[in-house]
>>> print(open('run03.txt').read())   # compact mmCIF, C-alpha atoms
# COMPACT_ATOMS: atom_id res chain seq x y z
CA MET A 6 25.09 -6.96 27.58
CA GLN A 7 21.35 -7.43 27.15
CA LEU A 8 19.22 -5.45 29.60
CA LYS A 9 16.34 -6.94 31.57
CA HIS A 10 12.88 -5.40 31.17
CA GLU A 11 13.20 -3.44 34.40
CA GLU A 12 16.64 -2.12 33.36
CA ASN A 13 15.63 -0.53 30.05
CA LYS A 14 16.07 3.20 29.62
CA PHE A 15 12.89 3.85 27.64
CA GLN A 16 10.58 6.56 28.95
CA PRO A 17 6.88 5.63 28.90
CA ARG A 18 4.92 7.90 26.61
CA GLN A 19 1.50 7.90 25.02
CA PHE A 20 0.80 9.10 21.49
CA PRO A 21 -2.54 10.31 20.11
CA ILE A 22 -2.88 7.26 17.88
CA THR A 23 -5.78 4.83 17.64
CA LEU A 24 -5.18 1.60 15.75
CA VAL A 25 -8.30 0.59 13.80
CA CYS A 26 -8.38 -3.10 12.86
CA ASP A 27 -10.77 -3.82 9.98
CA ASN A 28 -12.05 -7.39 10.39
CA ILE A 29 -8.88 -8.87 11.83
CA TYR A 30 -9.75 -12.31 13.19
CA PHE A 31 -6.55 -14.32 13.64
CA GLN A 32 -5.98 -14.48 17.38
CA GLN A 33 -2.19 -14.51 17.06
CA ASN A 34 -2.42 -11.24 15.14
CA ILE A 35 -4.84 -9.74 17.66
CA GLY A 36 -2.51 -10.59 20.55
CA SER A 37 0.48 -9.23 18.66
CA LEU A 38 -1.38 -6.00 17.85
CA PHE A 39 -1.98 -5.43 21.55
CA ARG A 40 1.70 -6.04 22.21
CA ILE A 41 2.95 -3.72 19.49
CA GLY A 42 0.31 -1.10 20.37
CA GLU A 43 1.51 -1.09 23.97
CA ALA A 44 5.15 -0.94 22.87
CA PHE A 45 4.47 2.17 20.76
CA GLY A 46 2.31 3.88 23.40
CA ILE A 47 -0.89 4.15 21.38
CA GLU A 48 -4.08 5.36 23.06
CA LYS A 49 -6.32 2.47 22.06
CA ILE A 50 -7.28 -0.20 19.56
CA ILE A 51 -10.62 -0.37 17.78
CA PHE A 52 -11.73 -3.66 16.28
CA LEU A 53 -14.28 -3.53 13.46
CA GLY A 54 -16.37 -6.61 12.79
CA LYS A 55 -18.75 -9.11 14.25
CA ASP A 56 -17.63 -11.81 16.68
CA ILE A 57 -14.02 -10.63 16.97
CA PRO A 58 -12.29 -13.41 18.97
CA LEU A 59 -11.05 -11.42 21.97
CA ASN A 60 -10.81 -14.41 24.30
CA PRO A 61 -7.97 -13.35 26.63
CA ARG A 62 -6.81 -16.93 27.20
CA LYS A 63 -6.09 -17.40 23.50
CA ILE A 64 -4.54 -13.99 22.80
CA ASN A 65 -2.49 -13.83 26.01
CA LYS A 66 0.40 -15.85 24.59
CA THR A 67 1.20 -13.35 21.86
CA SER A 68 0.03 -10.26 23.74
CA ARG A 69 2.25 -11.08 26.76
CA SER A 70 -0.57 -9.59 28.92
CA THR A 71 -0.52 -6.22 27.14
CA HIS A 72 -4.22 -6.71 26.36
CA LEU A 73 -4.70 -5.79 30.02
CA HIS A 74 -3.05 -2.38 29.48
CA VAL A 75 -4.23 -1.16 26.08
CA PRO A 76 -7.82 0.09 26.01
CA TYR A 77 -9.94 -1.27 23.18
CA ALA A 78 -13.42 -1.04 21.72
CA VAL A 79 -15.38 -3.12 19.23
CA PHE A 80 -17.60 -1.66 16.52
CA GLU A 81 -19.68 -4.14 14.57
CA GLU A 82 -20.79 -1.82 11.74
CA ASN A 83 -18.83 0.42 9.35
CA GLU A 84 -21.28 3.30 9.73
CA VAL A 85 -20.96 3.44 13.52
CA LEU A 86 -17.16 3.45 13.28
CA ILE A 87 -17.14 6.07 10.53
CA ASN A 88 -19.41 8.35 12.58
CA TYR A 89 -17.19 7.88 15.63
CA LEU A 90 -14.01 8.77 13.71
CA ARG A 91 -15.61 11.83 12.11
CA GLU A 92 -17.28 13.08 15.31
CA ASN A 93 -13.97 12.82 17.15
CA ASN A 94 -12.08 14.68 14.41
CA TYR A 95 -9.48 12.01 13.67
CA GLU A 96 -6.96 12.26 10.87
CA ILE A 97 -7.86 8.98 9.18
CA ILE A 98 -4.92 7.22 7.58
CA SER A 99 -5.29 3.85 5.88
CA LEU A 100 -2.33 1.55 5.38
CA GLU A 101 -3.10 -0.04 2.03
CA ILE A 102 -1.63 -0.36 -1.44
CA ALA A 103 -4.14 1.56 -3.58
CA SER A 104 -4.23 3.58 -6.78
CA SER A 105 -4.08 6.80 -4.71
CA SER A 106 -1.67 5.66 -1.98
CA LYS A 107 1.64 7.35 -1.28
CA ALA A 108 4.76 6.03 0.39
CA LEU A 109 4.56 5.79 4.18
CA LYS A 110 7.54 8.14 4.56
CA GLU A 111 5.41 10.89 2.95
CA VAL A 112 2.65 10.73 5.58
CA VAL A 113 1.74 14.07 7.13
CA LEU A 114 0.51 13.97 10.72
CA PRO A 115 -1.40 17.09 11.76
CA SER A 116 -0.40 18.31 15.22
CA ASP A 117 -3.95 19.41 16.07
CA LYS A 118 -5.70 16.04 15.54
CA LYS A 119 -5.59 12.53 16.84
CA THR A 120 -4.59 9.92 14.28
CA ALA A 121 -6.57 6.81 13.38
CA LEU A 122 -4.35 4.27 11.62
CA ILE A 123 -6.53 1.76 9.78
CA ILE A 124 -5.12 -1.66 9.00
CA GLY A 125 -6.95 -4.28 6.98
CA SER A 126 -8.00 -7.87 7.38
CA GLU A 127 -5.59 -10.69 6.75
CA ILE A 128 -7.62 -11.76 3.70
CA ASN A 129 -9.25 -8.70 2.13
CA GLY A 130 -7.36 -5.65 3.34
CA ILE A 131 -9.27 -2.46 4.18
CA ASN A 132 -12.89 -2.25 3.04
CA GLU A 133 -13.88 0.37 0.45
CA ALA A 134 -16.06 2.39 2.85
CA LEU A 135 -13.09 3.05 5.11
CA LEU A 136 -10.77 3.81 2.21
CA ALA A 137 -13.33 6.33 0.95
CA ILE A 138 -13.27 8.36 4.19
CA SER A 139 -9.49 8.26 4.59
CA ASN A 140 -7.66 11.58 4.65
CA GLN A 141 -4.53 9.76 3.52
CA ILE A 142 -3.77 6.32 2.14
CA VAL A 143 -0.21 5.15 2.58
CA HIS A 144 1.73 2.05 1.62
CA ILE A 145 5.03 0.51 2.61
CA ASN A 146 7.47 0.37 -0.28
CA MET A 147 8.48 -3.24 -0.87
CA PHE A 148 11.04 -4.61 -3.26
CA GLY A 149 10.32 -8.32 -3.52
CA GLN A 150 7.77 -10.05 -5.71
CA ASN A 151 5.16 -10.21 -2.94
CA SER A 152 2.88 -7.19 -2.63
CA SER A 153 1.82 -7.67 0.99
CA MET A 154 3.13 -8.54 4.42
CA ASN A 155 1.64 -9.71 7.70
CA VAL A 156 -0.73 -7.14 9.19
CA VAL A 157 1.23 -6.96 12.46
CA GLN A 158 4.53 -6.40 10.66
CA ALA A 159 2.95 -3.65 8.55
CA ALA A 160 1.34 -2.00 11.59
CA SER A 161 4.69 -2.09 13.40
CA ILE A 162 6.46 -0.33 10.57
CA ALA A 163 3.73 2.32 10.32
CA LEU A 164 3.61 2.92 14.08
CA TYR A 165 7.38 3.33 14.14
CA GLU A 166 7.15 5.92 11.36
CA PHE A 167 4.25 7.76 13.03
CA THR A 168 5.77 7.90 16.52
CA SER A 169 9.15 8.95 15.09
CA LYS A 170 7.43 11.96 13.55
CA MET A 171 5.64 12.80 16.82
CA ILE A 172 8.69 12.85 19.10
>>> encode(input="run03.txt", output="structure tokens")
Amino acid sequence: MQLKHEENKFQPRQFPITLVCDNIYFQQNIGSLFRIGEAFGIEKIIFLGKDIPLNPRKINKTSRSTHLHVPYAVFEENEVLINYLRENNYEIISLEIASSSKALKEVVLPSDKKTALIIGSEINGINEALLAISNQIVHINMFGQNSSMNVVQAASIALYEFTSKMI
């Protein structure tokens, strides 16, 4: 029998993970990232870019009001974000298919650092400046002809892998 929300047996928990969204503009994706971020107990979401459409009325449908519970910040410039991540001693992990990427299952999460998981825009992926400062670049092994998937689906898979390693 399916359980109601209030009947689930999951224990709330927060993980030292910040989701960094590089120029993600589709409001359905933004709402869904709040929802998946809340589901996986991340600390916060950082949006990188100018004029990120964070209009709660438009993202509420996909976020299911989780945008009210997940802290977020907006950085307009790469340099400001990069300084923030370095000054706060994050393990910076980019989710991108790249010449130096390794399979997601091989990711190593240091126990003495917070993790910043960078995901890329729906059109261009992660920008080169962020890839250059990444401690690790990981990809999701795929077996079809397509070499990409929706950013929310990819973030979900990565967050599942990360939190599974942190339990």
>>> residues_around(input="run03.txt", residues="Glu96 (chain A)", least_positions_apart="5", cutoff="8 Å", atoms="all atoms listed in the file", output="PyMOL selection string")
chain A and resi 114-115+118-121+139-140
>>> residues_around(input="run03.txt", residues="Ser153 (chain A)", least_positions_apart="3", cutoff="10 Å", atoms="only C-alpha atoms", output="VMD selection string")
chain A and resid 101 to 102 127 130 144 to 147 149 to 150 156 159
>>> residues_around(input="run03.txt", residues="Lys110 (chain A)", least_positions_apart="6", cutoff="12 Å", atoms="all atoms listed in the file", output="list in words")
Leu100, Ile142, Val143, His144, Ile145, Asn146, Ile162, Ala163, Leu164, Tyr165, Glu166, Phe167, Ser169 and Lys170 of chain A
>>> closest_residue(input="run03.txt", among="A:Ile97, A:Val25, A:Ile35, A:Ile138", to="Phe52 (chain A)", atoms="only C-alpha atoms")
A:Val25
>>> atom_distance(input="run03.txt", atom1="CA of Leu135 (chain A)", atom2="CA of Asn60 (chain A)")
26.0 Å
>>> residues_around(input="run03.txt", residues="Phe31 (chain A)", least_positions_apart="5", cutoff="10 Å", atoms="only C-alpha atoms", output="PyMOL selection string")
chain A and resi 36+57-59+64+126-127
>>> closest_residue(input="run03.txt", among="A:Ala137, A:Leu73, A:Ile123, A:Val85", to="Pro61 (chain A)", atoms="only C-alpha atoms")
A:Leu73
>>> build_atoms(input="run03.txt", residues="region 117-143 of chain A", atoms="N, CA, C and O atoms", output="PDB file, in the coordinates of the input")
ATOM      1  N   ASP A 117      -2.735  19.019  15.358  1.00  0.00           N
ATOM      2  CA  ASP A 117      -3.950  19.410  16.070  1.00  0.00           C
ATOM      3  C   ASP A 117      -5.047  18.341  16.054  1.00  0.00           C
ATOM      4  O   ASP A 117      -6.187  18.609  16.421  1.00  0.00           O
ATOM      5  N   LYS A 118      -4.711  17.122  15.623  1.00  0.00           N
ATOM      6  CA  LYS A 118      -5.700  16.040  15.540  1.00  0.00           C
ATOM      7  C   LYS A 118      -5.102  14.747  16.065  1.00  0.00           C
ATOM      8  O   LYS A 118      -3.903  14.522  15.976  1.00  0.00           O
ATOM      9  N   LYS A 119      -5.985  13.899  16.552  1.00  0.00           N
ATOM     10  CA  LYS A 119      -5.590  12.530  16.840  1.00  0.00           C
ATOM     11  C   LYS A 119      -5.527  11.773  15.516  1.00  0.00           C
ATOM     12  O   LYS A 119      -6.193  12.149  14.552  1.00  0.00           O
ATOM     13  N   THR A 120      -4.754  10.713  15.492  1.00  0.00           N
ATOM     14  CA  THR A 120      -4.590   9.920  14.280  1.00  0.00           C
ATOM     15  C   THR A 120      -5.258   8.559  14.448  1.00  0.00           C
ATOM     16  O   THR A 120      -5.084   7.904  15.472  1.00  0.00           O
ATOM     17  N   ALA A 121      -6.018   8.171  13.452  1.00  0.00           N
ATOM     18  CA  ALA A 121      -6.570   6.810  13.380  1.00  0.00           C
ATOM     19  C   ALA A 121      -5.827   6.099  12.251  1.00  0.00           C
ATOM     20  O   ALA A 121      -5.930   6.497  11.087  1.00  0.00           O
ATOM     21  N   LEU A 122      -5.061   5.085  12.609  1.00  0.00           N
ATOM     22  CA  LEU A 122      -4.350   4.270  11.620  1.00  0.00           C
ATOM     23  C   LEU A 122      -5.193   3.032  11.364  1.00  0.00           C
ATOM     24  O   LEU A 122      -5.396   2.213  12.258  1.00  0.00           O
ATOM     25  N   ILE A 123      -5.694   2.908  10.144  1.00  0.00           N
ATOM     26  CA  ILE A 123      -6.530   1.760   9.780  1.00  0.00           C
ATOM     27  C   ILE A 123      -5.665   0.710   9.109  1.00  0.00           C
ATOM     28  O   ILE A 123      -4.927   1.004   8.165  1.00  0.00           O
ATOM     29  N   ILE A 124      -5.791  -0.517   9.621  1.00  0.00           N
ATOM     30  CA  ILE A 124      -5.120  -1.660   9.000  1.00  0.00           C
ATOM     31  C   ILE A 124      -6.188  -2.666   8.608  1.00  0.00           C
ATOM     32  O   ILE A 124      -7.237  -2.747   9.231  1.00  0.00           O
ATOM     33  N   GLY A 125      -5.924  -3.418   7.551  1.00  0.00           N
ATOM     34  CA  GLY A 125      -6.950  -4.280   6.980  1.00  0.00           C
ATOM     35  C   GLY A 125      -6.850  -5.737   7.361  1.00  0.00           C
ATOM     36  O   GLY A 125      -5.832  -6.194   7.891  1.00  0.00           O
ATOM     37  N   SER A 126      -7.908  -6.440   7.039  1.00  0.00           N
ATOM     38  CA  SER A 126      -8.000  -7.870   7.380  1.00  0.00           C
ATOM     39  C   SER A 126      -6.910  -8.667   6.682  1.00  0.00           C
ATOM     40  O   SER A 126      -6.371  -8.270   5.645  1.00  0.00           O
ATOM     41  N   GLU A 127      -6.628  -9.816   7.271  1.00  0.00           N
ATOM     42  CA  GLU A 127      -5.590 -10.690   6.750  1.00  0.00           C
ATOM     43  C   GLU A 127      -5.926 -11.190   5.348  1.00  0.00           C
ATOM     44  O   GLU A 127      -5.031 -11.545   4.593  1.00  0.00           O
ATOM     45  N   ILE A 128      -7.195 -11.208   4.996  1.00  0.00           N
ATOM     46  CA  ILE A 128      -7.620 -11.760   3.700  1.00  0.00           C
ATOM     47  C   ILE A 128      -7.928 -10.662   2.682  1.00  0.00           C
ATOM     48  O   ILE A 128      -7.442 -10.694   1.562  1.00  0.00           O
ATOM     49  N   ASN A 129      -8.730  -9.669   3.085  1.00  0.00           N
ATOM     50  CA  ASN A 129      -9.250  -8.700   2.130  1.00  0.00           C
ATOM     51  C   ASN A 129      -8.721  -7.281   2.241  1.00  0.00           C
ATOM     52  O   ASN A 129      -9.116  -6.408   1.490  1.00  0.00           O
ATOM     53  N   GLY A 130      -7.862  -7.008   3.182  1.00  0.00           N
ATOM     54  CA  GLY A 130      -7.360  -5.650   3.340  1.00  0.00           C
ATOM     55  C   GLY A 130      -8.431  -4.740   3.946  1.00  0.00           C
ATOM     56  O   GLY A 130      -9.322  -5.190   4.658  1.00  0.00           O
ATOM     57  N   ILE A 131      -8.347  -3.459   3.644  1.00  0.00           N
ATOM     58  CA  ILE A 131      -9.270  -2.460   4.180  1.00  0.00           C
ATOM     59  C   ILE A 131     -10.483  -2.348   3.271  1.00  0.00           C
ATOM     60  O   ILE A 131     -10.347  -2.238   2.044  1.00  0.00           O
ATOM     61  N   ASN A 132     -11.672  -2.324   3.859  1.00  0.00           N
ATOM     62  CA  ASN A 132     -12.890  -2.250   3.040  1.00  0.00           C
ATOM     63  C   ASN A 132     -13.036  -0.874   2.387  1.00  0.00           C
ATOM     64  O   ASN A 132     -12.503   0.130   2.869  1.00  0.00           O
ATOM     65  N   GLU A 133     -13.749  -0.842   1.274  1.00  0.00           N
ATOM     66  CA  GLU A 133     -13.880   0.370   0.450  1.00  0.00           C
ATOM     67  C   GLU A 133     -14.496   1.550   1.192  1.00  0.00           C
ATOM     68  O   GLU A 133     -14.123   2.701   0.962  1.00  0.00           O
ATOM     69  N   ALA A 134     -15.435   1.296   2.103  1.00  0.00           N
ATOM     70  CA  ALA A 134     -16.060   2.390   2.850  1.00  0.00           C
ATOM     71  C   ALA A 134     -15.040   3.132   3.702  1.00  0.00           C
ATOM     72  O   ALA A 134     -15.088   4.372   3.809  1.00  0.00           O
ATOM     73  N   LEU A 135     -14.121   2.402   4.304  1.00  0.00           N
ATOM     74  CA  LEU A 135     -13.090   3.050   5.110  1.00  0.00           C
ATOM     75  C   LEU A 135     -12.043   3.745   4.239  1.00  0.00           C
ATOM     76  O   LEU A 135     -11.564   4.828   4.588  1.00  0.00           O
ATOM     77  N   LEU A 136     -11.702   3.136   3.122  1.00  0.00           N
ATOM     78  CA  LEU A 136     -10.770   3.810   2.210  1.00  0.00           C
ATOM     79  C   LEU A 136     -11.363   5.130   1.720  1.00  0.00           C
ATOM     80  O   LEU A 136     -10.649   6.134   1.603  1.00  0.00           O
ATOM     81  N   ALA A 137     -12.664   5.140   1.473  1.00  0.00           N
ATOM     82  CA  ALA A 137     -13.330   6.330   0.950  1.00  0.00           C
ATOM     83  C   ALA A 137     -13.301   7.506   1.920  1.00  0.00           C
ATOM     84  O   ALA A 137     -13.298   8.662   1.495  1.00  0.00           O
ATOM     85  N   ILE A 138     -13.276   7.250   3.221  1.00  0.00           N
ATOM     86  CA  ILE A 138     -13.270   8.360   4.190  1.00  0.00           C
ATOM     87  C   ILE A 138     -11.864   8.717   4.655  1.00  0.00           C
ATOM     88  O   ILE A 138     -11.681   9.616   5.480  1.00  0.00           O
ATOM     89  N   SER A 139     -10.863   8.030   4.143  1.00  0.00           N
ATOM     90  CA  SER A 139      -9.490   8.260   4.590  1.00  0.00           C
ATOM     91  C   SER A 139      -8.980   9.617   4.116  1.00  0.00           C
ATOM     92  O   SER A 139      -9.175   9.984   2.957  1.00  0.00           O
ATOM     93  N   ASN A 140      -8.326  10.330   5.019  1.00  0.00           N
ATOM     94  CA  ASN A 140      -7.660  11.580   4.650  1.00  0.00           C
ATOM     95  C   ASN A 140      -6.388  11.298   3.878  1.00  0.00           C
ATOM     96  O   ASN A 140      -5.982  12.096   3.021  1.00  0.00           O
ATOM     97  N   GLN A 141      -5.753  10.175   4.195  1.00  0.00           N
ATOM     98  CA  GLN A 141      -4.530   9.760   3.520  1.00  0.00           C
ATOM     99  C   GLN A 141      -4.531   8.244   3.414  1.00  0.00           C
ATOM    100  O   GLN A 141      -5.017   7.555   4.307  1.00  0.00           O
ATOM    101  N   ILE A 142      -3.990   7.750   2.312  1.00  0.00           N
ATOM    102  CA  ILE A 142      -3.770   6.320   2.140  1.00  0.00           C
ATOM    103  C   ILE A 142      -2.281   6.150   1.872  1.00  0.00           C
ATOM    104  O   ILE A 142      -1.728   6.788   0.968  1.00  0.00           O
ATOM    105  N   VAL A 143      -1.650   5.326   2.703  1.00  0.00           N
ATOM    106  CA  VAL A 143      -0.210   5.150   2.580  1.00  0.00           C
ATOM    107  C   VAL A 143       0.122   3.672   2.412  1.00  0.00           C
ATOM    108  O   VAL A 143      -0.651   2.801   2.811  1.00  0.00           O
TER     109      VAL A 143
END
